[in-house]
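A short worksheet on the structure shown next.
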Amino acid sequence: MPYFSCRLSLLALLVAGIAAAQPAPPAHQLRQRALSLQTTSPVEASVQVAKGVLTTLTFDSQLLPKSVMVQGRDTHFERFVVEERTITLKPKVDLTADERLLLTVRFADGAAPQEAIFILIPADEQVDAAVEVVRRARNAEALQLELTQVQAQLAALQGRCGDGGPTGLILSGLLDSDVSTSVFKAAVAPGNASGLKVERGVGYRTRAWTVVTVRVRNLVGQRVWRPGVARLSTARGQSIQVKSLRTDKPQLAPGEEGLVLVETGAPVWQAEEELLLELSDTANGRALPIRGVRL
C-alpha cells in the first residue's frame, strides 16, 4: 500500500541527520511486465524484488489465498498480503546474489494450470513493481486495457509518495509538527554473551508512530549476525507491538557496524518511561537485550 511505501522514505529522512554517512543504496527502476503461464514454465517465472520496494502480482483468475506460500515469510518480508486476485509483497532485506525464494500459488477454478510457482530473485537495475500474470488467453484489446489500469495505479502510488524528499513526506501526511527526538544511552547488561555492542541510540516520537534506532557493532571473532526479530516492552513488563524491523545492511560480519530501526504504532507509554528492546538472530539465537531505550 502507498502508506507503507511513503513511511520508508520518512524513516530514511529522519535517520540521515544522526547516523554516520553510509554509502547510498543503488537506485532501482520500477518495471511493469506481464507473465504468461501458457508459454512460460511456472518454475522458470522469475520476479525481481528489492528491499523496501512494493511488488504486486495481479492474476486474471481467482486464487486460493490459504494455499499461497512463500519461503522466508517471517525473515524476509515486512509485508505480504494475499487477496482474491493479487499478491502484494515488500522485502525487508535484500536477497543475496545466489538467494532464491519460491512463491507458490493455486487457483480456485480447478482449470489448468492449477498451480504456479514463481522464483523471487534479487533485483539488478530494475525491480518488478507490477507483474500481470496471464493464465487464460485474452485478446490484445483486453490486455491493453488491463495494462493501462496497472499503469494508472502505479502512477497514483508514485504521485502520493512524491520524490521521497520533504515535500513528498508533507503531502503524504506522515510528517507533521509534533515529531520529537531523544538521544539515549543504550546499555547492555554486564556479562551478556551475544558478542554484540551497542554504539548509540536515537528515538523518534509522534502521536501516530514511534521509531527507535540503534547502531550495533558485531565484535571481531563472532559469527555473522542478522537480526530477524525485535521485541519491545516497558520496564513494567508491558509488551509493545512492533510494526516493522529494518536494517541498513542485510547482515553484520565480524567487526562490522550497522543501523537497526524498529517501528511501532501510536505510543501508549509515557515519554520519559524507559523501555527494553531485544534484537534476535533467528538463525543462531544470538539475542541482544538493550536497556535505557527512550521514545
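Within each chain, counting starts at residue 1; across the C-alpha cells, chains are named A, B, ... in the order shown, with ligands numbered 1 upward in that order.
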
Set the distance at 9 Å and use only C-alpha atoms: which residues neighbour A:Val70 once local chain neighbours fewer than 4 positions away are removed? I'd like the list as a list in words.
Leu101, Leu102, Leu103, Thr104 and Val105 of chain A

For the selection just defined, write its residues with C-alpha atoms to a file, as a PDB file, in the first residue's frame.
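result_18.pdb written:
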```pdb
ATOM      1  CA  LEU A 101      12.738 -17.778  -2.730  1.00  0.00           C
ATOM      2  CA  LEU A 102       9.829 -19.814  -4.098  1.00  0.00           C
ATOM      3  CA  LEU A 103       6.334 -18.309  -4.219  1.00  0.00           C
ATOM      4  CA  THR A 104       3.651 -20.959  -4.837  1.00  0.00           C
ATOM      5  CA  VAL A 105       0.017 -20.185  -5.709  1.00  0.00           C
TER       6      VAL A 105
END
```

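Using only C-alpha atoms for every distance, the candidate list A:Val188, A:Leu30, A:Val260, A:Ala266 yields A:Ala266 as the residue closest to A:Thr206.
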
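Separating atom CA of A:Glu278 from atom CA of A:Val53 is a distance of 26.3 Å.
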
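If you look at atom CA of A:Val198 and atom CA of A:Thr213, they are 10.7 Å away from each other.
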
Report the distance between atom CA of A:Gly265 and atom CA of A:Arg205 in Å, rounded to one decimal place.
9.8 Å

According to DSSP computed on the backbone, where in stretch 53-120 of chain A is there strand (DSSP E or B)? Give the residues as a ChimeraX atom specification.
/A:55-59,63,69-70,77-82,86-91,101-107,115-120

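Distance check against A:Thr55 using only C-alpha atoms: of A:Gln238, A:Gln29, A:Thr88, A:Thr75, the minimum falls on A:Thr88.
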